[in-house]
Every structure is written in structure tokens, then in C-alpha cells.
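Content type compact mmCIF, C-alpha atoms and all ligand atoms, from the file structure-v7.txt:
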```txt
# COMPACT_ATOMS: atom_id res chain seq x y z
CA MET L 1 57.23 98.96 11.66
CA THR L 2 57.85 98.57 15.38
CA VAL L 3 55.22 97.76 17.99
CA SER L 4 55.81 97.96 21.76
CA SER L 5 53.56 97.53 24.73
CA ALA L 6 53.93 98.52 28.38
CA PRO L 7 51.75 97.85 31.44
CA GLY L 8 49.79 100.14 33.71
CA LYS L 9 50.12 99.89 37.49
CA VAL L 10 48.39 100.07 40.83
CA TYR L 11 49.98 101.50 43.95
CA LEU L 12 50.11 99.05 46.83
CA PHE L 13 51.34 102.06 48.85
CA GLY L 14 52.90 105.48 48.63
CA GLU L 15 51.50 107.62 45.79
CA HIS L 16 51.83 111.40 46.27
CA ALA L 17 54.31 111.02 49.16
CA VAL L 18 56.77 109.56 46.60
CA VAL L 19 56.88 112.99 44.92
CA TYR L 20 58.55 114.34 48.11
CA GLY L 21 61.16 111.61 48.46
CA GLU L 22 59.23 109.05 50.49
CA PRO L 23 59.35 105.46 49.20
CA ALA L 24 56.44 103.93 47.24
CA VAL L 25 55.57 100.43 46.00
CA PRO L 26 53.74 100.45 42.67
CA CYS L 27 52.99 97.12 40.95
CA ALA L 28 52.67 96.68 37.18
CA ILE L 29 49.37 95.09 36.12
CA GLU L 30 48.27 93.20 33.01
CA ARG L 31 46.50 96.11 31.33
CA ARG L 32 48.73 97.44 28.59
CA ALA L 33 49.15 100.35 26.20
CA THR L 34 50.42 99.42 22.73
CA VAL L 35 52.20 101.88 20.46
CA THR L 36 52.91 101.20 16.79
CA VAL L 37 55.53 103.34 15.04
CA GLU L 38 56.33 103.63 11.35
CA PRO L 39 59.24 105.96 10.47
CA ARG L 40 58.47 108.57 7.80
CA ASP L 41 60.61 110.05 5.04
CA ASP L 42 59.88 113.58 6.28
CA ASP L 43 59.97 115.19 9.74
CA HIS L 44 56.21 115.02 10.30
CA VAL L 45 54.57 113.28 13.23
CA ARG L 46 51.13 111.78 12.69
CA VAL L 47 49.31 110.36 15.69
CA VAL L 48 46.21 108.18 15.73
CA ALA L 49 44.91 107.76 19.27
CA GLU L 50 41.39 106.33 19.25
CA ASP L 51 41.05 106.04 23.04
CA LEU L 52 41.35 109.75 23.77
CA THR L 53 38.28 111.50 25.13
CA LEU L 54 38.33 113.83 22.13
CA ASP L 55 36.48 110.88 20.53
CA GLY L 56 39.57 109.94 18.54
CA PHE L 57 41.35 112.35 16.25
CA THR L 58 44.10 112.46 13.68
CA VAL L 59 46.62 115.28 13.44
CA GLU L 60 49.63 115.93 11.29
CA TYR L 61 52.42 118.40 11.92
CA SER L 62 55.98 119.10 10.91
CA GLY L 63 59.28 120.20 12.39
CA SER L 64 59.62 120.81 16.09
CA THR L 65 56.80 119.47 18.26
CA ASP L 66 57.07 122.78 20.20
CA SER L 67 54.95 124.59 17.64
CA GLY L 68 52.09 122.15 18.22
CA PRO L 69 49.69 120.64 15.74
CA ASP L 70 47.36 122.74 13.63
CA VAL L 71 43.92 121.30 14.36
CA ASP L 72 40.54 122.78 15.05
CA VAL L 73 40.32 121.77 18.73
CA PRO L 74 40.92 124.05 21.75
CA ARG L 75 44.68 124.21 22.37
CA PRO L 76 44.65 123.21 26.09
CA LEU L 77 42.67 120.07 25.24
CA VAL L 78 45.12 119.11 22.53
CA GLN L 79 48.07 119.81 24.82
CA ALA L 80 46.56 117.67 27.56
CA ALA L 81 45.92 114.90 25.06
CA MET L 82 49.17 115.14 23.09
CA GLY L 83 51.67 116.18 25.74
CA TYR L 84 52.84 112.70 26.68
CA ILE L 85 53.18 111.46 23.09
CA ASP L 86 55.04 114.64 22.15
CA ALA L 87 57.41 114.17 25.05
CA ALA L 88 57.99 110.51 24.09
CA VAL L 89 58.79 111.57 20.50
CA ASP L 90 61.27 114.16 21.81
CA GLN L 91 62.97 111.53 24.00
CA ALA L 92 63.22 109.05 21.12
CA ARG L 93 64.68 111.67 18.76
CA ASP L 94 67.21 112.63 21.43
CA ALA L 95 68.18 109.01 22.21
CA ALA L 96 68.72 108.26 18.51
CA ASP L 97 70.38 111.63 17.85
CA ALA L 98 67.82 112.16 15.09
CA PRO L 99 66.16 115.52 15.82
CA ASP L 100 64.28 115.55 12.51
CA ALA L 101 62.95 111.99 12.56
CA GLY L 102 59.28 111.73 11.57
CA PHE L 103 56.82 109.01 12.57
CA ASP L 104 53.35 107.63 12.03
CA ILE L 105 52.22 106.63 15.51
CA THR L 106 49.18 104.62 16.57
CA VAL L 107 48.26 104.33 20.24
CA GLU L 108 45.90 101.66 21.54
CA SER L 109 45.35 101.17 25.24
CA ALA L 110 43.32 99.06 27.62
CA ILE L 111 44.17 101.44 30.49
CA PRO L 112 41.50 104.04 31.34
CA LEU L 113 42.85 107.58 31.04
CA GLY L 114 43.57 109.67 34.12
CA ALA L 115 42.18 106.95 36.39
CA GLY L 116 45.22 106.15 38.52
CA LEU L 117 46.35 103.10 36.55
CA GLY L 118 49.32 104.86 34.95
CA SER L 119 48.03 105.25 31.39
CA SER L 120 50.40 108.16 30.79
CA ALA L 121 53.48 106.21 31.90
CA ALA L 122 52.51 103.15 29.83
CA VAL L 123 51.99 105.25 26.67
CA VAL L 124 55.28 107.10 27.17
CA VAL L 125 57.28 103.93 27.94
CA ALA L 126 55.83 101.96 25.00
CA GLY L 127 56.16 105.03 22.74
CA ILE L 128 59.84 105.59 23.54
CA ASP L 129 60.63 101.90 23.01
CA ALA L 130 58.78 101.64 19.69
CA ALA L 131 60.12 104.96 18.35
CA THR L 132 63.77 104.34 19.32
CA ARG L 133 63.66 100.82 17.85
CA ALA L 134 62.14 102.29 14.69
CA LEU L 135 65.31 104.43 14.49
CA GLY L 136 67.55 101.40 15.04
CA VAL L 137 68.39 102.13 18.67
CA ASP L 138 67.76 99.54 21.36
CA LEU L 139 67.54 100.98 24.86
CA ASP L 140 67.48 98.76 27.92
CA PRO L 141 64.39 98.99 30.15
CA GLU L 142 66.25 101.07 32.79
CA GLU L 143 67.10 103.70 30.19
CA ILE L 144 63.56 103.71 28.84
CA ALA L 145 62.34 104.18 32.43
CA ASP L 146 64.70 107.12 32.88
CA ARG L 147 63.70 108.80 29.62
CA ALA L 148 60.00 108.16 30.30
CA TYR L 149 60.42 109.78 33.73
CA ARG L 150 61.97 112.84 32.09
CA ALA L 151 59.00 112.97 29.70
CA GLU L 152 56.41 112.77 32.53
CA HIS L 153 58.40 115.27 34.59
CA GLU L 154 58.28 117.75 31.75
CA VAL L 155 54.58 117.28 30.95
CA GLN L 156 53.59 117.45 34.65
CA ASP L 157 55.48 120.75 35.18
CA GLY L 158 58.29 119.22 37.18
CA GLN L 159 55.93 117.34 39.50
CA ALA L 160 56.53 113.65 38.86
CA SER L 161 58.25 110.79 40.58
CA ARG L 162 60.02 107.91 38.86
CA ALA L 163 57.48 105.43 40.26
CA ASP L 164 54.92 105.01 37.44
CA THR L 165 57.44 104.97 34.60
CA PHE L 166 59.84 102.59 36.39
CA ALA L 167 57.03 100.13 37.20
CA SER L 168 55.77 100.26 33.62
CA ALA L 169 59.22 99.80 32.05
CA MET L 170 60.40 97.03 34.41
CA GLY L 171 57.16 95.20 35.26
CA GLY L 172 56.53 93.40 38.55
CA ALA L 173 56.44 95.06 41.96
CA VAL L 174 58.98 97.84 42.38
CA ARG L 175 60.19 100.23 45.05
CA VAL L 176 61.02 103.82 44.27
CA GLU L 177 62.53 106.38 46.63
CA GLY L 178 63.80 109.52 44.93
CA ASP L 179 66.23 108.38 42.22
CA ASP L 180 66.64 104.94 43.80
CA CYS L 181 64.51 102.47 41.83
CA ARG L 182 64.58 98.70 42.28
CA ALA L 183 62.57 95.53 41.76
CA VAL L 184 60.84 94.02 44.80
CA ASP L 185 60.47 90.28 45.34
CA ALA L 186 56.83 89.99 46.31
CA PRO L 187 54.30 87.17 46.28
CA ALA L 188 51.54 87.51 43.66
CA LEU L 189 49.03 89.76 45.43
CA PRO L 190 45.29 89.33 44.71
CA PHE L 191 44.50 92.83 43.42
CA VAL L 192 40.93 93.81 42.60
CA VAL L 193 40.33 97.16 40.89
CA GLY L 194 37.15 99.23 40.98
CA PHE L 195 36.65 102.09 38.52
CA ASP L 196 34.18 104.95 39.08
CA GLY L 197 34.33 106.04 35.42
CA GLY L 198 35.96 109.33 36.37
CA ALA L 199 39.41 110.82 36.09
CA GLY L 200 41.63 113.16 38.07
CA ASP L 201 44.12 115.73 36.86
CA THR L 202 47.49 114.47 38.14
CA GLY L 203 49.17 117.91 37.96
CA GLU L 204 46.37 119.66 39.88
CA LEU L 205 46.13 116.97 42.55
CA VAL L 206 49.90 116.96 43.12
CA ALA L 207 49.84 120.77 43.35
CA GLY L 208 47.05 120.56 45.96
CA VAL L 209 49.11 118.25 48.18
CA ARG L 210 52.14 120.48 47.73
CA ALA L 211 50.14 123.53 48.89
CA LEU L 212 48.79 121.74 51.99
CA ARG L 213 52.27 120.48 52.83
CA GLU L 214 53.66 124.01 52.66
CA LYS L 215 50.76 125.47 54.67
CA TYR L 216 50.58 123.00 57.56
CA ASP L 217 53.30 121.08 59.38
CA PHE L 218 50.75 118.37 60.09
CA ALA L 219 50.18 117.92 56.34
CA ALA L 220 53.95 117.51 55.89
CA ASP L 221 53.81 115.00 58.77
CA THR L 222 50.99 113.19 56.96
CA VAL L 223 53.19 112.81 53.89
CA GLU L 224 55.96 111.42 56.12
CA ALA L 225 53.48 109.07 57.80
CA ILE L 226 52.65 107.65 54.36
CA GLY L 227 56.38 106.95 54.02
CA ASP L 228 56.25 105.10 57.38
CA ILE L 229 53.38 102.96 56.08
CA VAL L 230 55.44 102.05 53.01
CA ARG L 231 58.47 101.13 55.16
CA GLU L 232 56.24 98.94 57.36
CA GLY L 233 54.70 97.32 54.27
CA GLU L 234 57.99 96.55 52.59
CA THR L 235 59.25 94.82 55.74
CA LEU L 236 56.20 92.56 55.54
CA LEU L 237 56.88 91.85 51.84
CA ALA L 238 60.56 91.13 52.51
CA GLU L 239 59.62 88.50 55.12
CA ALA L 240 57.19 86.72 52.76
CA ASP L 241 58.13 83.90 50.38
CA PRO L 242 57.77 85.37 46.87
CA GLU L 243 57.19 81.90 45.38
CA SER L 244 54.19 81.02 47.59
CA GLU L 245 50.62 82.25 47.73
CA PRO L 246 50.47 85.17 50.17
CA SER L 247 49.40 84.00 53.63
CA GLU L 248 46.24 85.26 55.29
CA ASP L 249 48.37 86.97 57.94
CA LEU L 250 50.31 88.83 55.27
CA LEU L 251 47.12 89.92 53.47
CA ASP L 252 45.61 91.02 56.78
CA ALA L 253 48.63 93.13 57.65
CA LEU L 254 49.00 94.62 54.14
CA GLY L 255 45.26 95.36 54.03
CA GLU L 256 45.41 97.23 57.33
CA LEU L 257 48.25 99.36 55.95
CA MET L 258 46.31 100.01 52.70
CA ASP L 259 43.30 101.20 54.72
CA PHE L 260 45.53 103.53 56.73
CA ASN L 261 47.21 104.78 53.53
CA HIS L 262 43.80 105.60 52.04
CA GLY L 263 42.81 107.55 55.16
CA LEU L 264 45.93 109.71 54.91
CA LEU L 265 45.40 110.31 51.18
CA GLU L 266 41.83 111.32 51.99
CA ALA L 267 43.16 113.75 54.59
CA LEU L 268 45.45 115.23 51.94
CA GLY L 269 42.39 115.96 49.81
CA VAL L 270 43.00 113.61 46.87
CA SER L 271 40.11 111.18 47.38
CA SER L 272 36.52 111.83 46.29
CA ARG L 273 33.05 110.82 47.35
CA SER L 274 32.89 108.09 44.70
CA LEU L 275 36.39 106.75 45.43
CA ASP L 276 35.50 106.62 49.14
CA SER L 277 32.29 104.81 48.33
CA LEU L 278 34.17 102.19 46.27
CA VAL L 279 36.72 101.79 49.06
CA TRP L 280 33.92 101.15 51.56
CA ALA L 281 32.13 98.79 49.16
CA ALA L 282 35.34 96.76 48.81
CA ARG L 283 35.83 96.64 52.56
CA SER L 284 32.26 95.45 53.12
CA GLY L 285 32.79 92.97 50.29
CA ASP L 286 35.39 91.34 52.54
CA ALA L 287 38.54 92.85 51.07
CA TYR L 288 41.58 92.70 53.36
CA GLY L 289 42.07 96.40 52.65
CA ALA L 290 41.31 99.03 50.02
CA LYS L 291 42.66 102.40 48.91
CA LEU L 292 42.59 104.75 45.98
CA THR L 293 45.42 104.26 43.48
CA GLY L 294 47.43 106.89 41.63
CA ALA L 295 46.73 110.58 41.69
CA GLY L 296 43.10 110.25 42.87
CA GLY L 297 40.31 112.78 42.39
CA GLY L 298 38.33 110.07 40.59
CA GLY L 299 39.21 106.87 38.79
CA CYS L 300 40.25 103.65 40.47
CA ILE L 301 40.60 102.00 43.83
CA VAL L 302 42.62 98.87 44.52
CA ALA L 303 41.67 96.20 47.05
CA LEU L 304 43.18 92.89 48.18
CA ASP L 305 40.95 89.83 47.96
CA PRO L 306 41.77 86.35 46.63
CA THR L 307 38.03 85.50 46.42
CA ASP L 308 35.39 86.91 44.04
CA GLU L 309 33.52 88.71 46.82
CA THR L 310 35.06 92.15 46.50
CA GLN L 311 34.68 92.20 42.73
CA THR L 312 31.02 91.18 43.06
CA ALA L 313 30.38 93.78 45.79
CA LEU L 314 31.94 96.48 43.60
CA GLN L 315 29.90 95.41 40.56
CA TYR L 316 26.71 95.99 42.58
CA THR L 317 27.86 99.36 43.93
CA PRO L 318 26.17 102.41 42.38
CA GLY L 319 28.82 104.54 40.68
CA CYS L 320 31.14 101.61 39.90
CA VAL L 321 31.42 101.27 36.12
CA ASP L 322 33.94 98.42 36.06
CA ALA L 323 35.47 95.98 38.53
CA PHE L 324 38.16 93.51 37.56
CA ARG L 325 40.97 91.37 38.90
CA ALA L 326 44.37 92.86 38.07
CA GLU L 327 47.14 90.30 37.64
CA LEU L 328 50.71 91.40 38.30
CA ALA L 329 52.45 92.06 34.96
CA THR L 330 55.78 90.29 35.32
CA THR L 331 57.07 91.74 32.02
CA GLY L 332 57.43 95.48 31.64
CA VAL L 333 57.99 97.10 28.27
CA ARG L 334 58.21 94.58 25.47
CA ALA L 335 58.35 94.37 21.69
CA GLU L 336 55.22 92.99 20.08
CA ASP L 337 56.80 92.71 16.63
CA GLY L 338 59.48 90.07 17.20
CA ASN L 339 62.31 92.60 16.72
CA ASP L 340 63.43 93.02 20.29
CA THR L 341 67.08 92.33 21.03
CA LYS L 342 66.33 92.63 24.77
CA THR L 343 64.12 89.54 24.65
CA SER L 344 66.32 87.65 22.21
CA GLU L 345 69.34 88.21 24.45
CA GLU L 346 67.42 86.75 27.38
CA ASP L 347 66.39 83.79 25.25
CA ALA L 348 69.96 83.12 24.10
N1 LIG L 401 45.36 105.64 24.90
C1 LIG L 401 45.99 106.83 24.94
N2 LIG L 401 46.28 107.50 23.80
C2 LIG L 401 46.90 108.68 23.85
N3 LIG L 401 47.27 109.30 24.98
C3 LIG L 401 47.02 108.69 26.14
C4 LIG L 401 46.36 107.43 26.19
N4 LIG L 401 46.24 107.06 27.48
C5 LIG L 401 46.79 108.06 28.20
N5 LIG L 401 47.25 109.04 27.42
C6 LIG L 401 47.84 110.31 27.87
O1 LIG L 401 47.94 110.28 29.30
C7 LIG L 401 47.09 111.31 29.88
C8 LIG L 401 46.53 110.83 31.21
O2 LIG L 401 47.59 110.79 32.14
P1 LIG L 401 47.44 111.09 33.70
O3 LIG L 401 48.79 111.04 34.32
O4 LIG L 401 46.60 112.29 33.92
O5 LIG L 401 46.58 109.84 34.19
P2 LIG L 401 47.01 108.33 34.42
O6 LIG L 401 48.44 108.16 34.04
O7 LIG L 401 46.02 107.48 33.72
O8 LIG L 401 46.78 108.15 35.98
P3 LIG L 401 47.88 108.24 37.20
O9 LIG L 401 49.01 109.10 36.71
O10 LIG L 401 47.13 108.81 38.33
O11 LIG L 401 48.26 106.82 37.41
C9 LIG L 401 46.06 111.58 28.80
O12 LIG L 401 45.52 112.89 28.94
C10 LIG L 401 46.90 111.44 27.53
O13 LIG L 401 47.69 112.59 27.32
C1 LIG L 402 50.45 111.15 42.37
C2 LIG L 402 51.68 110.40 41.86
O1 LIG L 402 52.47 110.01 43.00
C3 LIG L 402 51.31 109.10 41.17
C4 LIG L 402 50.41 109.22 39.98
O2 LIG L 402 50.17 107.90 39.44
C5 LIG L 402 52.48 111.32 40.96
C6 LIG L 402 53.88 110.80 40.66
O3 LIG L 402 54.41 109.97 41.40
O4 LIG L 402 54.45 111.29 39.67
MG MG L 403 49.99 109.39 34.89
```

As C-alpha cells, please, write out the structure in this file.
Ligand SMILES: Nc1ncnc2c1ncn2[C@@H]1O[C@H](COP(=O)(O)OP(=O)(O)OP(=O)(O)O)[C@@H](O)[C@H]1O
Ligand SMILES: C[C@@](O)(CCO)CC(=O)[O-]
Ligand SMILES: [Mg+2]
Amino acid sequence: MTVSSAPGKVYLFGEHAVVYGEPAVPCAIERRATVTVEPRDDDHVRVVAEDLTLDGFTVEYSGSTDSGPDVDVPRPLVQAAMGYIDAAVDQARDAADAPDAGFDITVESAIPLGAGLGSSAAVVVAGIDAATRALGVDLDPEEIADRAYRAEHEVQDGQASRADTFASAMGGAVRVEGDDCRAVDAPALPFVVGFDGGAGDTGELVAGVRALREKYDFAADTVEAIGDIVREGETLLAEADPESEPSEDLLDALGELMDFNHGLLEALGVSSRSLDSLVWAARSGDAYGAKLTGAGGGGCIVALDPTDETQTALQYTPGCVDAFRAELATTGVRAEDGNDTKTSEEDA
């Protein structure tokens, strides 16, 4: 049996624009998805995913995952629920050159679904790691990131960046611009997350931005302006000492850029009334800045505040179902079963 976990993420800056080649800075956070894989003697795949909104279900199917499972649930719902796991299974079979490998898979996750914290990327990254290790293949985190990107790209109809999957596989703060993905040395930022209990459809929201960008030059300019915000923000991060607490000046400047970034995302139509209300609650709670994170439509906002004030303000805001501090996850994908050669090599 192999068990792997991978973290979710918040975007300090740059979601959506990253799909069109602008840079983005997502940061992995200590909320993880854990995938347990047991190889089977046949070619069946059996998935237990208790956190899915279908109230938890169990399916069993054989052969190619293309044919889909035979269960009594509307097909689009199952596809939405199963697409990422299916794609992770396909990637693992391909990496191990074992097209007929079968698995029993259990998914457990502390990352709310569709809420902008990268639940899909974490499940795919942890799933590929656990399933390839179950087949005796040990991929390095960069290769898992690449395969997880291909999985998200496929499920999201060709509309995905490498940002979520790279952050989840590598951990820490990262910078992604097209195919160029790298770690960023950043001080530990005091992230506070507010959750409105909702979710957005990543594919639909990305398609909406794409349509606006094609219709209006000023929408294309807005996407580029988000890229300018990211470039400004990464200059600030590069000047900061990654070993020290972030200074008040740095938090002030980053917060201003986050507020601006949220405004541009709002203009591109991916915010919502409840996300805006959480953003404003965080700002009046004394956050240095606040913005939606991830695809938007509903879900989470991220704010910067080293004190408890923003979290408290969010907790008292109608429509906020959860508010918590999100620590930077310094480790990306990792084995939870003691069988990881990646970690043992580092230890040696
Ligand atoms: N615990 C889980 N078990 C099984 N599948 C999951 C789980 N968590 C997420 N998924 C898969 O990921 C999908 C949600 O991914 P989606 O990209 O829409 O949102 P997200 O990744 O949470 O947010 P964002 O991409 O905006 O950061 C779910 O529909 C499901 O297919
Ligand atoms: C909206 C988006 O930029 C982030 C979703 O977390 C989509 C992507 O990068 O694939
Ligand atoms: Mg996602």
C-alpha cells in the first residue's frame, strides 16, 4: 500500500492571467489531500472519495477509464467528480508503462472542493505519486508536477496553467510563467483564508475570461495589467530577506498589490457578491490586503494579516462559513507510508 499527500495553495497574485502566459505566484498551504493506493490483481479501478459532494460514493469499473464507471448517478456529475482521479490513474499507468494496472484508491482531503485552494491539483499530484510508487516507479516532484499539469489540462479542456500543480508538487512559494516554473525565496507570509461555503466551476470561469479577452482589447489589457502586478510583487519579494519575518513595509506594499489584483479579477467577472463581501470584511478587519484566490465564482479569499483581527472579522461576517490561518507548506508532495526514496535520498 502506498500513501501520498500533497498541499493545496493560495494565489498571492496572478490567477487567470497565468493561463495566457502572464506570471503568477501561488503558495502551497498546509491543507493537504491524501491518496491511498493498493494495486489490484485485475485491471479494475475502485475509488472511495468520501469528501465529494455526491455524499460519498463507491464505484468499480474495468479496462480503459474512457468507458466510465457504471453507476446510477447522472453522467456529468460523475465525470465532474471522477475526472481528475481518472486522469491521475492514466498518468500513473503511462509513467509505469502499465496500461492495465488496477488500483483500489481512497481519497481524503482537508481542502474544500472547487473553492480556489487547489483541491484538484492536490488530489492529482498525490494520486500520481501514490499510484506510480504502487507500481514501483519513483518520479521526482518536477515530473509529478508535469504529469499532474497534463492531467488538469485534459480535464479542464485545454484550459489550465502549470501553476496549481507545480505549487502542490513542489511546496513553498513558486513562480510560474508559461512552461517556466521555479521556486521563489519568500518570507513566511501571514495568510488568512475566508471561505464562503461556495464553489466555482474552474472551466466555466476560465472560458468567461477568455471570451472577454477576445471581445475587448481593454479586457486583454486587464489580463496584462495583472501580469504587471505580479512583476511588481515579485520584485518586492526578491528584495526581502526570506529568513526574517516580513516587514510592515513589505506587507503594506504586497497588500496594496493584492487589493489591485482583486479589483482587476472583479472586472474580469470572476468575483461574486459573497467573495467581495469577504474581501471587504478582511480589509475592515485590518488586513494589509485581500483578494479572491483561484478560479473565483465562490469559495475562498486570501488576506495578509499577522494578527488575529482579520480572522475574527471574517468569523463575524454573514456568509463566511470558515476562516483560518494558512501556513505556507514548505514540503510539496510527500510519501506518508515511509516508502519514499525522494525523502530518504535527502536524508542520506
Ligand atoms: N477530496 C476529493 N476527492 C475526490 N475528488 C476531489 C477531491 N477534491 C477535489 N476533487 C476533484 O477536484 C474537483 C474540483 O476542482 P476545481 O479545479 O474545480 O476546484 P479547486 O481545484 O478546488 O479550485 P481552484 O482550481 O480554483 O484552485 C472536484 O470536482 C473533484 O473532481
Ligand atoms: C484560474 C486558474 O488560473 C487557477 C485556478 O486555481 C486556472 C489555471 O491556472 O489553470
Ligand atoms: Mg483546480

So that I can check the surroundings of Ala28 (chain L), please list as a PDB file with C-alpha atoms, keeping the file's coordinate frame every protein, DNA and RNA residue that reaches within 9 Å of it, counting only C-alpha atoms and ignoring chain neighbours fewer than 2 positions away.
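So the final result, stored in out.pdb, reads:
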```pdb
ATOM      1  CA  PRO L   7      51.750  97.850  31.440  1.00  0.00           C
ATOM      2  CA  GLY L   8      49.790 100.140  33.710  1.00  0.00           C
ATOM      3  CA  LYS L   9      50.120  99.890  37.490  1.00  0.00           C
ATOM      4  CA  VAL L  10      48.390 100.070  40.830  1.00  0.00           C
ATOM      5  CA  TYR L  11      49.980 101.500  43.950  1.00  0.00           C
ATOM      6  CA  PRO L  26      53.740 100.450  42.670  1.00  0.00           C
ATOM      7  CA  GLU L  30      48.270  93.200  33.010  1.00  0.00           C
ATOM      8  CA  ARG L  31      46.500  96.110  31.330  1.00  0.00           C
ATOM      9  CA  ASP L 164      54.920 105.010  37.440  1.00  0.00           C
ATOM     10  CA  ALA L 167      57.030 100.130  37.200  1.00  0.00           C
ATOM     11  CA  SER L 168      55.770 100.260  33.620  1.00  0.00           C
ATOM     12  CA  ALA L 169      59.220  99.800  32.050  1.00  0.00           C
ATOM     13  CA  MET L 170      60.400  97.030  34.410  1.00  0.00           C
ATOM     14  CA  GLY L 171      57.160  95.200  35.260  1.00  0.00           C
ATOM     15  CA  GLY L 172      56.530  93.400  38.550  1.00  0.00           C
ATOM     16  CA  ALA L 173      56.440  95.060  41.960  1.00  0.00           C
ATOM     17  CA  VAL L 174      58.980  97.840  42.380  1.00  0.00           C
ATOM     18  CA  GLU L 327      47.140  90.300  37.640  1.00  0.00           C
ATOM     19  CA  LEU L 328      50.710  91.400  38.300  1.00  0.00           C
ATOM     20  CA  ALA L 329      52.450  92.060  34.960  1.00  0.00           C
ATOM     21  CA  THR L 330      55.780  90.290  35.320  1.00  0.00           C
ATOM     22  CA  THR L 331      57.070  91.740  32.020  1.00  0.00           C
ATOM     23  CA  GLY L 332      57.430  95.480  31.640  1.00  0.00           C
TER      24      GLY L 332
END
```

Surrounding residues as a ChimeraX atom specification, ligand LIG 401 (chain L), max 7 Å, all atoms listed in the file: /L:33,49-52,80-85,107-109,111-121,123,164,200-202,294-296

Could you give me the axis-aligned bounding box of ligand LIG 402 (chain L), with 3 Å of padding per side, as centre plus edge lengths in Å to one decimal, as AutoDock Vina command-line options?
```
--center_x 52.3 --center_y 109.6 --center_z 41.2 --size_x 10.3 --size_y 9.4 --size_z 9.6
```

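Checking L:Arg162, L:Val270, L:Arg283, L:Pro306 one by one against Glu177 (chain L), counting only C-alpha atoms, you find the shortest gap at L:Arg162.
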
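Among L:Leu135, L:Ala87, L:Leu292, L:Ala253, the residue with the shortest atom-to-atom distance to Asp100 (chain L), counting all atoms listed in the file, is L:Leu135.
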
Tell me which of L:Lys215, L:His153, L:Arg231, L:Arg182 sits closest to ligand LIG 402 (chain L), counting all atoms listed in the file. L:His153

Report, in Å to a single decimal, how far apart CA of Ala282 (chain L) and atom C6 of ligand LIG 402 (chain L) are. 24.6 Å

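The two atoms in question, CA of Asp305 (chain L) and CA of Ser244 (chain L), are spaced 15.9 Å apart.
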
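CA of Leu304 (chain L) is found 24.5 Å from CA of Val19 (chain L).
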
Determine, counting all atoms listed in the file, which protein, DNA and RNA residues have an atom within 9 Å of an atom of Gln91 (chain L); residues of the same chain fewer than 2 positions away are not included. Present the result as JSON, numbers by chain. {"L": [86, 87, 88, 89, 93, 94, 95, 96, 128, 132, 147, 148, 150, 151]}

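If you measure from each of L:Val279, L:Leu250, L:Ala160, L:Ala335 to ligand MG 403 (chain L) using all atoms listed in the file, the closest one turns out to be L:Ala160.
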
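Comparing the minimum interatomic distances between ligand LIG 402 (chain L) and each of L:Ala6, L:Ala101, L:Ala131, L:Val155, counting only C-alpha atoms and all ligand atoms, we find that L:Val155 sits nearest.
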
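Each of L:Val125, L:Val333, L:Val223, L:Ala303 was compared to His16 (chain L) using only C-alpha atoms, and L:Val223 turns out to be the nearest.
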